[in-house]
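Here is the file input_4.pdb (PDB, C-alpha atoms (C1' of nucleotides)).
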ATOM      1  CA  MET A 458     101.270 -13.268  54.251
ATOM      2  CA  LYS A 459     100.458 -13.715  50.607
ATOM      3  CA  GLU A 460     100.031 -17.208  49.257
ATOM      4  CA  SER A 461     103.349 -17.900  47.603
ATOM      5  CA  TYR A 462     102.335 -21.532  47.149
ATOM      6  CA  ARG A 463      99.165 -22.667  45.455
ATOM      7  CA  LEU A 464      97.610 -26.020  44.773
ATOM      8  CA  HIS A 465      97.279 -26.733  41.071
ATOM      9  CA  GLY A 466      95.955 -29.740  39.239
ATOM     10  CA  ARG A 467      94.090 -31.363  36.413
ATOM     11  CA  VAL A 468      91.125 -33.688  36.161
ATOM     12  CA  TRP A 469      89.790 -35.807  33.349
ATOM     13  CA  ILE A 470      87.248 -38.541  32.829
ATOM     14  CA  GLU A 471      88.768 -41.908  32.167
ATOM     15  CA  GLY A 472      87.101 -44.388  29.812
ATOM     16  CA  PRO A 473      87.796 -47.903  28.507
ATOM     17  CA  GLU A 474      90.780 -46.830  26.388
ATOM     18  CA  GLY A 475      92.240 -44.204  28.704
ATOM     19  CA  THR A 476      91.345 -40.547  28.641
ATOM     20  CA  PHE A 477      87.788 -39.964  27.507
ATOM     21  CA  LEU A 478      87.182 -36.299  28.401
ATOM     22  CA  GLY A 479      89.712 -33.676  29.400
ATOM     23  CA  TYR A 480      89.887 -29.919  29.303
ATOM     24  CA  GLY A 481      91.236 -29.699  25.769
ATOM     25  CA  ARG A 482      88.802 -32.310  24.457
ATOM     26  CA  VAL A 483      85.796 -30.507  25.891
ATOM     27  CA  VAL A 484      86.889 -27.173  24.485
ATOM     28  CA  LEU A 485      87.300 -28.931  21.150
ATOM     29  CA  LEU A 486      83.736 -30.251  21.360
ATOM     30  CA  GLU A 487      82.464 -26.750  22.041
ATOM     31  CA  ARG A 488      84.372 -25.354  19.093
ATOM     32  CA  ILE A 489      82.959 -28.069  16.864
ATOM     33  CA  ARG A 490      79.482 -27.152  18.037
ATOM     34  CA  ASP A 491      80.164 -23.486  17.277
ATOM     35  CA  HIS A 492      81.961 -23.914  13.951
ATOM     36  CA  GLY A 493      80.347 -26.982  12.449
ATOM     37  CA  SER A 494      83.537 -28.709  11.387
ATOM     38  CA  ILE A 495      86.628 -30.278  12.888
ATOM     39  CA  THR A 496      88.790 -28.240  10.555
ATOM     40  CA  ALA A 497      87.453 -24.874  11.700
ATOM     41  CA  ALA A 498      87.324 -25.979  15.327
ATOM     42  CA  ALA A 499      90.943 -27.070  15.289
ATOM     43  CA  ARG A 500      92.091 -23.905  13.574
ATOM     44  CA  SER A 501      90.185 -21.714  16.048
ATOM     45  CA  MET A 502      92.145 -23.163  18.933
ATOM     46  CA  GLU A 503      95.449 -23.485  17.103
ATOM     47  CA  MET A 504      95.405 -27.262  17.129
ATOM     48  CA  SER A 505      96.392 -29.391  14.164
ATOM     49  CA  TYR A 506      93.517 -31.056  12.329
ATOM     50  CA  ARG A 507      95.426 -34.306  12.614
ATOM     51  CA  HIS A 508      95.341 -34.167  16.370
ATOM     52  CA  ALA A 509      91.798 -32.863  16.603
ATOM     53  CA  TRP A 510      90.517 -35.677  14.443
ATOM     54  CA  LYS A 511      92.229 -38.272  16.618
ATOM     55  CA  LEU A 512      90.682 -36.789  19.751
ATOM     56  CA  VAL A 513      87.198 -36.865  18.253
ATOM     57  CA  ASP A 514      87.747 -40.410  17.087
ATOM     58  CA  SER A 515      88.928 -41.419  20.545
ATOM     59  CA  MET A 516      85.888 -39.861  22.208
ATOM     60  CA  ASN A 517      83.464 -41.446  19.770
ATOM     61  CA  ARG A 518      85.032 -44.871  20.225
ATOM     62  CA  GLN A 519      84.730 -44.701  23.985
ATOM     63  CA  SER A 520      81.225 -43.315  24.098
ATOM     64  CA  ARG A 521      78.209 -45.598  23.883
ATOM     65  CA  LYS A 522      76.531 -43.156  21.536
ATOM     66  CA  PRO A 523      78.669 -40.881  19.298
ATOM     67  CA  VAL A 524      79.639 -37.510  20.697
ATOM     68  CA  VAL A 525      80.105 -36.011  17.267
ATOM     69  CA  ASN A 526      78.451 -36.933  13.979
ATOM     70  CA  LYS A 527      80.821 -36.555  11.094
ATOM     71  CA  SER A 528      79.868 -36.400   7.422
ATOM     72  CA  THR A 529      82.095 -36.320   4.391
ATOM     73  CA  GLY A 530      81.308 -34.720   1.048
ATOM     74  CA  GLY A 531      78.183 -32.745   0.282
ATOM     75  CA  ARG A 532      77.204 -29.127   0.474
ATOM     76  CA  GLY A 533      80.170 -27.558   2.217
ATOM     77  CA  GLY A 534      82.418 -30.584   1.810
ATOM     78  CA  GLY A 535      80.957 -32.171   4.896
ATOM     79  CA  GLY A 536      81.252 -31.240   8.520
ATOM     80  CA  ALA A 537      80.890 -32.286  12.128
ATOM     81  CA  VAL A 538      77.918 -31.859  14.430
ATOM     82  CA  LEU A 539      77.826 -32.141  18.186
ATOM     83  CA  THR A 540      75.205 -34.649  19.333
ATOM     84  CA  GLU A 541      72.943 -34.470  22.336
ATOM     85  CA  THR A 542      75.221 -37.012  23.980
ATOM     86  CA  GLY A 543      78.134 -34.695  23.290
ATOM     87  CA  GLU A 544      76.269 -31.829  24.874
ATOM     88  CA  GLN A 545      75.722 -33.889  27.995
ATOM     89  CA  ALA A 546      79.379 -34.884  28.060
ATOM     90  CA  ILE A 547      80.388 -31.223  28.037
ATOM     91  CA  GLU A 548      78.010 -30.454  30.868
ATOM     92  CA  CYS A 549      79.236 -33.403  32.859
ATOM     93  CA  PHE A 550      82.867 -32.417  32.561
ATOM     94  CA  TRP A 551      82.381 -28.735  33.347
ATOM     95  CA  SER A 552      80.428 -29.689  36.415
ATOM     96  CA  ALA A 553      83.300 -31.741  37.788
ATOM     97  CA  HIS A 554      85.799 -29.150  36.632
ATOM     98  CA  ARG A 555      83.978 -26.352  38.435
ATOM     99  CA  ASP A 556      83.930 -28.297  41.675
ATOM    100  CA  PHE A 557      87.596 -29.053  41.197
ATOM    101  CA  LYS A 558      88.452 -25.377  40.798
ATOM    102  CA  ASN A 559      86.714 -24.711  44.091
ATOM    103  CA  PHE A 560      88.614 -27.569  45.657
ATOM    104  CA  LEU A 561      91.918 -26.089  44.546
ATOM    105  CA  ALA A 562      91.064 -22.585  45.709
ATOM    106  CA  GLU A 563      89.957 -23.878  49.077
ATOM    107  CA  HIS A 564      93.044 -25.992  49.641
ATOM    108  CA  SER A 565      95.432 -23.314  48.417
ATOM    109  CA  LYS A 566      94.582 -21.380  51.556
ATOM    110  CA  GLN A 567      95.487 -24.295  53.767
ATOM    111  CA  ILE A 568      99.048 -24.591  52.562
ATOM    112  CA  ASP A 569     101.387 -23.440  55.285
ATOM    113  CA  LEU A 570     105.032 -23.548  54.380
TER     114      LEU A 570
ATOM    115  CA  MET B1418      75.242 -50.150  36.188
ATOM    116  CA  LYS B1419      78.961 -50.351  36.855
ATOM    117  CA  GLU B1420      80.988 -47.176  36.673
ATOM    118  CA  SER B1421      82.544 -47.432  33.250
ATOM    119  CA  TYR B1422      83.702 -43.844  33.577
ATOM    120  CA  ARG B1423      85.773 -42.513  36.430
ATOM    121  CA  LEU B1424      87.186 -39.136  37.305
ATOM    122  CA  HIS B1425      90.982 -39.118  37.375
ATOM    123  CA  GLY B1426      93.407 -36.336  38.061
ATOM    124  CA  ARG B1427      96.603 -34.981  39.504
ATOM    125  CA  VAL B1428      97.471 -32.237  41.951
ATOM    126  CA  TRP B1429     100.690 -30.470  42.778
ATOM    127  CA  ILE B1430     101.880 -27.455  44.711
ATOM    128  CA  GLU B1431     103.042 -24.627  42.521
ATOM    129  CA  GLY B1432     105.899 -22.380  43.612
ATOM    130  CA  PRO B1433     107.760 -19.381  42.204
ATOM    131  CA  GLU B1434     109.454 -21.364  39.430
ATOM    132  CA  GLY B1435     106.613 -23.729  38.590
ATOM    133  CA  THR B1436     106.089 -27.110  40.180
ATOM    134  CA  PHE B1437     107.324 -27.218  43.736
ATOM    135  CA  LEU B1438     105.819 -30.439  45.095
ATOM    136  CA  GLY B1439     104.205 -33.256  43.156
ATOM    137  CA  TYR B1440     103.608 -36.942  43.729
ATOM    138  CA  GLY B1441     106.970 -38.067  42.359
ATOM    139  CA  ARG B1442     108.861 -35.358  44.196
ATOM    140  CA  VAL B1443     107.315 -36.244  47.524
ATOM    141  CA  VAL B1444     108.026 -39.933  47.084
ATOM    142  CA  LEU B1445     111.590 -38.949  46.252
ATOM    143  CA  LEU B1446     111.848 -36.962  49.482
ATOM    144  CA  GLU B1447     110.617 -39.967  51.444
ATOM    145  CA  ARG B1448     113.150 -42.225  49.793
ATOM    146  CA  ILE B1449     115.931 -39.752  50.555
ATOM    147  CA  ARG B1450     114.836 -39.754  54.191
ATOM    148  CA  ASP B1451     114.870 -43.556  54.224
ATOM    149  CA  HIS B1452     118.101 -44.135  52.311
ATOM    150  CA  GLY B1453     120.230 -41.150  53.230
ATOM    151  CA  SER B1454     121.366 -40.306  49.718
ATOM    152  CA  ILE B1455     120.000 -39.083  46.426
ATOM    153  CA  THR B1456     121.782 -41.912  44.638
ATOM    154  CA  ALA B1457     120.134 -44.667  46.652
ATOM    155  CA  ALA B1458     116.768 -42.915  46.650
ATOM    156  CA  ALA B1459     116.773 -42.552  42.876
ATOM    157  CA  ARG B1460     117.828 -46.156  42.346
ATOM    158  CA  SER B1461     115.118 -47.421  44.698
ATOM    159  CA  MET B1462     112.425 -45.865  42.565
ATOM    160  CA  GLU B1463     114.059 -46.530  39.218
ATOM    161  CA  MET B1464     114.762 -42.895  38.512
ATOM    162  CA  SER B1465     117.997 -41.587  37.051
ATOM    163  CA  TYR B1466     120.261 -39.785  39.505
ATOM    164  CA  ARG B1467     120.441 -36.913  37.013
ATOM    165  CA  HIS B1468     116.718 -36.386  37.204
ATOM    166  CA  ALA B1469     116.478 -36.888  40.956
ATOM    167  CA  TRP B1470     119.183 -34.322  41.578
ATOM    168  CA  LYS B1471     117.397 -31.755  39.436
ATOM    169  CA  LEU B1472     114.159 -32.301  41.342
ATOM    170  CA  VAL B1473     115.855 -31.852  44.702
ATOM    171  CA  ASP B1474     117.616 -28.748  43.413
ATOM    172  CA  SER B1475     114.334 -27.358  42.159
ATOM    173  CA  MET B1476     112.622 -27.962  45.491
ATOM    174  CA  ASN B1477     115.447 -26.420  47.495
ATOM    175  CA  ARG B1478     115.523 -23.343  45.294
ATOM    176  CA  GLN B1479     111.821 -22.746  45.719
ATOM    177  CA  SER B1480     111.673 -23.382  49.432
ATOM    178  CA  ARG B1481     112.469 -20.655  51.921
ATOM    179  CA  LYS B1482     114.454 -23.117  53.981
ATOM    180  CA  PRO B1483     116.114 -26.131  52.278
ATOM    181  CA  VAL B1484     114.086 -29.311  52.027
ATOM    182  CA  VAL B1485     117.151 -31.497  51.793
ATOM    183  CA  ASN B1486     120.662 -30.923  53.123
ATOM    184  CA  LYS B1487     123.291 -32.290  50.819
ATOM    185  CA  SER B1488     126.931 -32.950  51.631
ATOM    186  CA  THR B1489     129.752 -34.041  49.379
ATOM    187  CA  GLY B1490     132.778 -36.068  50.345
ATOM    188  CA  GLY B1491     133.453 -37.523  53.774
ATOM    189  CA  ARG B1492     132.744 -40.819  55.449
ATOM    190  CA  GLY B1493     130.446 -42.484  52.943
ATOM    191  CA  GLY B1494     131.167 -40.079  50.125
ATOM    192  CA  GLY B1495     128.566 -37.705  51.370
ATOM    193  CA  GLY B1496     124.806 -37.962  51.384
ATOM    194  CA  ALA B1497     121.491 -36.205  51.633
ATOM    195  CA  VAL B1498     119.333 -35.614  54.694
ATOM    196  CA  LEU B1499     115.703 -34.609  54.827
ATOM    197  CA  THR B1500     115.197 -31.473  56.921
ATOM    198  CA  GLU B1501     112.342 -30.640  59.246
ATOM    199  CA  THR B1502     111.039 -28.324  56.544
ATOM    200  CA  GLY B1503     111.107 -31.229  54.129
ATOM    201  CA  GLU B1504     109.173 -33.338  56.578
ATOM    202  CA  GLN B1505     106.490 -30.672  56.786
ATOM    203  CA  ALA B1506     106.374 -30.388  53.010
ATOM    204  CA  ILE B1507     105.677 -34.120  52.747
ATOM    205  CA  GLU B1508     102.902 -33.860  55.306
ATOM    206  CA  CYS B1509     101.396 -30.871  53.569
ATOM    207  CA  PHE B1510     101.284 -32.584  50.196
ATOM    208  CA  TRP B1511      99.876 -35.892  51.415
ATOM    209  CA  SER B1512      97.158 -34.014  53.222
ATOM    210  CA  ALA B1513      96.000 -32.310  50.040
ATOM    211  CA  HIS B1514      96.494 -35.513  48.074
ATOM    212  CA  ARG B1515      94.343 -37.511  50.459
ATOM    213  CA  ASP B1516      91.512 -35.019  50.205
ATOM    214  CA  PHE B1517      91.889 -35.064  46.444
ATOM    215  CA  LYS B1518      91.550 -38.832  46.322
ATOM    216  CA  ASN B1519      88.302 -38.524  48.229
ATOM    217  CA  PHE B1520      87.173 -35.817  45.858
ATOM    218  CA  LEU B1521      87.786 -38.067  42.864
ATOM    219  CA  ALA B1522      86.046 -41.057  44.402
ATOM    220  CA  GLU B1523      83.050 -38.958  45.320
ATOM    221  CA  HIS B1524      82.700 -37.401  41.908
ATOM    222  CA  SER B1525      83.246 -40.633  40.042
ATOM    223  CA  LYS B1526      79.862 -41.728  41.332
ATOM    224  CA  GLN B1527      78.184 -38.657  39.940
ATOM    225  CA  ILE B1528      79.201 -39.250  36.357
ATOM    226  CA  ASP B1529      76.171 -40.262  34.372
ATOM    227  CA  LEU B1530      76.826 -40.987  30.729
TER     228      LEU B1530
ATOM    229  C1'  DT C1142     148.735 -40.122  49.483
ATOM    230  C1'  DT C1143     145.556 -43.157  47.628
ATOM    231  C1'  DG C1144     140.905 -44.962  47.528
ATOM    232  C1'  DC C1145     136.069 -44.691  47.968
ATOM    233  C1'  DG C1146     131.203 -43.234  47.295
ATOM    234  C1'  DT C1147     128.481 -39.327  46.788
ATOM    235  C1'  DT C1148     127.319 -34.795  44.893
ATOM    236  C1'  DA C1149     127.505 -31.937  40.755
ATOM    237  C1'  DT C1150     127.207 -31.097  35.776
ATOM    238  C1'  DG C1151     127.639 -31.492  30.745
ATOM    239  C1'  DC C1152     126.548 -34.158  26.640
ATOM    240  C1'  DT C1153     124.241 -37.581  23.720
ATOM    241  C1'  DC C1154     120.384 -40.776  22.777
ATOM    242  C1'  DA C1155     115.735 -42.744  22.631
ATOM    243  C1'  DA C1156     110.803 -42.236  23.309
ATOM    244  C1'  DC C1157     106.886 -39.725  22.915
ATOM    245  C1'  DC C1158     103.786 -36.286  21.235
ATOM    246  C1'  DA C1159     101.926 -32.926  18.327
ATOM    247  C1'  DT C1160     102.692 -30.403  14.022
ATOM    248  C1'  DG C1161     102.729 -30.098   9.213
ATOM    249  C1'  DC C1162     102.410 -31.883   4.599
ATOM    250  C1'  DA C1163     100.647 -34.918   1.092
ATOM    251  C1'  DT C1164      97.144 -37.643  -0.650
ATOM    252  C1'  DT C1165      92.703 -39.958  -1.110
ATOM    253  C1'  DA C1166      87.625 -40.457  -0.426
ATOM    254  C1'  DC C1167      83.372 -38.371  -0.376
ATOM    255  C1'  DG C1168      79.061 -36.124  -1.969
ATOM    256  C1'  DC C1169      76.672 -32.004  -3.164
ATOM    257  C1'  DT C1170      76.701 -28.031  -6.615
ATOM    258  C1'  DT C1171      77.174 -26.065 -10.909
TER     259       DT C1171
ATOM    260  C1'  DA D1055      81.672 -34.184 -15.694
ATOM    261  C1'  DA D1056      84.318 -30.936 -13.035
ATOM    262  C1'  DG D1057      85.032 -28.300  -8.807
ATOM    263  C1'  DC D1058      84.813 -27.402  -4.016
ATOM    264  C1'  DG D1059      85.721 -28.074   1.035
ATOM    265  C1'  DT D1060      85.767 -31.394   4.447
ATOM    266  C1'  DA D1061      86.769 -36.012   6.505
ATOM    267  C1'  DA D1062      90.319 -39.626   6.696
ATOM    268  C1'  DT D1063      94.992 -41.302   6.988
ATOM    269  C1'  DG D1064      99.989 -42.144   6.241
ATOM    270  C1'  DC D1065     104.616 -40.199   6.725
ATOM    271  C1'  DA D1066     108.378 -37.080   7.902
ATOM    272  C1'  DT D1067     109.780 -33.315  11.175
ATOM    273  C1'  DG D1068     110.696 -30.748  15.450
ATOM    274  C1'  DG D1069     110.428 -30.046  20.446
ATOM    275  C1'  DT D1070     110.339 -31.769  24.938
ATOM    276  C1'  DT D1071     111.510 -35.036  28.583
ATOM    277  C1'  DG D1072     113.984 -38.337  31.009
ATOM    278  C1'  DA D1073     117.666 -41.954  30.657
ATOM    279  C1'  DG D1074     122.267 -42.992  30.431
ATOM    280  C1'  DC D1075     127.185 -42.163  30.299
ATOM    281  C1'  DA D1076     131.387 -39.558  31.324
ATOM    282  C1'  DT D1077     133.875 -36.715  34.280
ATOM    283  C1'  DA D1078     135.240 -33.595  37.996
ATOM    284  C1'  DA D1079     134.996 -32.020  42.886
ATOM    285  C1'  DC D1080     134.803 -33.212  47.524
ATOM    286  C1'  DG D1081     136.250 -34.899  52.166
ATOM    287  C1'  DC D1082     137.031 -38.652  55.263
ATOM    288  C1'  DA D1083     139.503 -43.257  56.026
ATOM    289  C1'  DA D1084     143.231 -46.304  55.727
TER     290       DA D1084
END
When written as structure tokens, how does the structure in this file appear?
Amino acid sequence: MKESYRLHGRVWIEGPEGTFLGYGRVVLLERIRDHGSITAAARSMEMSYRHAWKLVDSMNRQSRKPVVNKSTGGRGGGGAVLTETGEQAIECFWSAHRDFKNFLAEHSKQIDL
Amino acid sequence: MKESYRLHGRVWIEGPEGTFLGYGRVVLLERIRDHGSITAAARSMEMSYRHAWKLVDSMNRQSRKPVVNKSTGGRGGGGAVLTETGEQAIECFWSAHRDFKNFLAEHSKQIDL
DNA sequence: TTGCGTTATGCTCAACCATGCATTACGCTT
DNA sequence: AAGCGTAATGCATGGTTGAGCATAACGCAA
């Protein structure tokens, strides 16, 4: 009997103001690291800059030390750089996320309906 | 150091058409069992009858055997009764949900930021 | 036959969220 | 001084979701 039912779900890290790190936010951080700007990062994942900026702002506000350093003006107009703290945040989330995926796979087998 | 960050999340059972069983749906099933009608169940949890009906319909469509038996007209105008299959569905979800709660609590301790 | 309470279903409205656009601030480069 | 690309931010728009209202169908009771 094939599994016609599967356990799905989502996890995120909650901070003082609500969501601190979720799947989309972490991917955004990675894109910022790879592209060097919020603009390019947002575009690469088909997210509006407006929204991306708000997410970064939310993460920075809730983190003791900034997750992303933003600069305006200058050489290429400015940009955004992932900090060491941001790198750790990514690691931390993926770790929990990986365990969660295993959790879901394991429990999907136990569904008998 | 107090846990200023905690892992949160949601789980649900996915069926052929998408969500089959989630937290709200299971609570709805329990209320139907306790009240004997979709109307009363919906009211008891401050949900519109419109929405509650759609959820029940969705669950019945995706289940091999109906989760709720509905009848129109008659003694009290009709009503809704939770089936044995529905009872098992509730059990199945709470089981996964309970394990998930433990998972979240356990991993919340491991967040170091 | 009339009345009642529930299921069943369509339609409109409000809230929320993200998109998209417009505009300003910024600081290096030329 | 002028230009460039990005951060920063307000405002209008569109899509989705559930609430709320209106109405019909149903079947038993009085």
### Task
May I have the residues within 8 Å of range 1163-1170 of chain C as a PyMOL selection string, using only C-alpha atoms (C1' of nucleotides) and disregarding those fewer than 4 positions away in the same chain?
(chain A and resi 529-534) or (chain D and resi 1062)
Give me, as JSON lines, each residue of chain A that comes within 10 Å of chain B, together with its shortest interatomic pair and the distance in Å at one decimal, counting all atoms listed in the file, with rows ordered by chain and rising residue number.
{"residue": "A:Glu460", "atom": "CA", "partner": "B:Gly1432", "partner_atom": "CA", "distance": 9.6}
{"residue": "A:Ser461", "atom": "CA", "partner": "B:Gly1432", "partner_atom": "CA", "distance": 6.5}
{"residue": "A:Tyr462", "atom": "CA", "partner": "B:Gly1432", "partner_atom": "CA", "distance": 5.1}
{"residue": "A:Arg463", "atom": "CA", "partner": "B:Glu1431", "partner_atom": "CA", "distance": 5.2}
{"residue": "A:Leu464", "atom": "CA", "partner": "B:Ile1430", "partner_atom": "CA", "distance": 4.5}
{"residue": "A:His465", "atom": "CA", "partner": "B:Trp1429", "partner_atom": "CA", "distance": 5.3}
{"residue": "A:Gly466", "atom": "CA", "partner": "B:Val1428", "partner_atom": "CA", "distance": 4.0}
{"residue": "A:Arg467", "atom": "CA", "partner": "B:Gly1426", "partner_atom": "CA", "distance": 5.3}
{"residue": "A:Val468", "atom": "CA", "partner": "B:Gly1426", "partner_atom": "CA", "distance": 4.0}
{"residue": "A:Trp469", "atom": "CA", "partner": "B:His1425", "partner_atom": "CA", "distance": 5.3}
{"residue": "A:Ile470", "atom": "CA", "partner": "B:Leu1424", "partner_atom": "CA", "distance": 4.5}
{"residue": "A:Glu471", "atom": "CA", "partner": "B:Arg1423", "partner_atom": "CA", "distance": 5.2}
{"residue": "A:Gly472", "atom": "CA", "partner": "B:Tyr1422", "partner_atom": "CA", "distance": 5.1}
{"residue": "A:Pro473", "atom": "CA", "partner": "B:Ser1421", "partner_atom": "CA", "distance": 7.1}
{"residue": "A:Gly475", "atom": "CA", "partner": "B:Tyr1422", "partner_atom": "CA", "distance": 9.8}
{"residue": "A:Thr476", "atom": "CA", "partner": "B:His1425", "partner_atom": "CA", "distance": 8.9}
{"residue": "A:Phe477", "atom": "CA", "partner": "B:Tyr1422", "partner_atom": "CA", "distance": 8.3}
{"residue": "A:Leu478", "atom": "CA", "partner": "B:Leu1424", "partner_atom": "CA", "distance": 9.3}
{"residue": "A:Gly479", "atom": "CA", "partner": "B:His1425", "partner_atom": "CA", "distance": 9.7}
{"residue": "A:Gln519", "atom": "CA", "partner": "B:Tyr1422", "partner_atom": "CA", "distance": 9.7}
{"residue": "A:Ser520", "atom": "CA", "partner": "B:Leu1530", "partner_atom": "CA", "distance": 8.3}
{"residue": "A:Arg521", "atom": "CA", "partner": "B:Leu1530", "partner_atom": "CA", "distance": 8.4}
{"residue": "A:Lys522", "atom": "CA", "partner": "B:Leu1530", "partner_atom": "CA", "distance": 9.5}
{"residue": "A:Thr542", "atom": "CA", "partner": "B:Leu1530", "partner_atom": "CA", "distance": 8.0}
{"residue": "A:Gly543", "atom": "CA", "partner": "B:Leu1530", "partner_atom": "CA", "distance": 9.8}
{"residue": "A:Gln545", "atom": "CA", "partner": "B:Leu1530", "partner_atom": "CA", "distance": 7.7}
{"residue": "A:Ala546", "atom": "CA", "partner": "B:Leu1530", "partner_atom": "CA", "distance": 7.1}
{"residue": "A:Cys549", "atom": "CA", "partner": "B:Ile1528", "partner_atom": "CA", "distance": 6.8}
{"residue": "A:Phe550", "atom": "CA", "partner": "B:Ile1528", "partner_atom": "CA", "distance": 8.6}
{"residue": "A:Ser552", "atom": "CA", "partner": "B:Ile1528", "partner_atom": "CA", "distance": 9.6}
{"residue": "A:Ala553", "atom": "CA", "partner": "B:His1524", "partner_atom": "CA", "distance": 7.0}
{"residue": "A:Asp556", "atom": "CA", "partner": "B:His1524", "partner_atom": "CA", "distance": 9.2}
{"residue": "A:Phe557", "atom": "CA", "partner": "B:Phe1520", "partner_atom": "CA", "distance": 8.2}
{"residue": "A:Phe560", "atom": "CA", "partner": "B:Phe1517", "partner_atom": "CA", "distance": 8.2}
{"residue": "A:Leu561", "atom": "CA", "partner": "B:Val1428", "partner_atom": "CA", "distance": 8.7}
{"residue": "A:His564", "atom": "CA", "partner": "B:Ala1513", "partner_atom": "CA", "distance": 7.0}
{"residue": "A:Ser565", "atom": "CA", "partner": "B:Ile1430", "partner_atom": "CA", "distance": 8.5}
{"residue": "A:Gln567", "atom": "CA", "partner": "B:Cys1509", "partner_atom": "CA", "distance": 8.8}
{"residue": "A:Ile568", "atom": "CA", "partner": "B:Cys1509", "partner_atom": "CA", "distance": 6.8}
{"residue": "A:Asp569", "atom": "CA", "partner": "B:Cys1509", "partner_atom": "CA", "distance": 7.6}
{"residue": "A:Leu570", "atom": "CA", "partner": "B:Ala1506", "partner_atom": "CA", "distance": 7.1}
### Task
Report as a PyMOL selection string the full result of the PyMOL selection byres ((chain B and resi 1461) around 12) when it is applied to this structure.
chain B and resi 1444-1449+1451-1460+1462-1466+1469
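Note that C1' of DA1073 in chain D and CA of Pro1483 in chain B are 26.8 Å apart.
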### Message
Applying the PyMOL selection byres ((chain D) within 10 of (chain A)) to the file I just gave you, which residues come out? Please list them as a PyMOL selection string.
### Response
chain D and resi 1058-1063
### Selection result for the PyMOL selection byres ((chain C and resi 1150) around 10) on this file, as a ChimeraX atom specification
/B:1467 /C:1148-1149,1151-1152 /D:1077-1078
### Summary
Expressed in Å, the length from CA of His508 in chain A to C1' of DT1160 in chain C is 8.6 Å
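The gap separating CA of Glu1504 in chain B from C1' of DG1146 in chain C is 25.9 Å, in Å to one decimal.
Among the candidate residues A:Leu512, A:Arg490, A:Val483, A:Asn559, the one lying nearest to chain C is A:Leu512, with distances computed using only C-alpha atoms (C1' of nucleotides).
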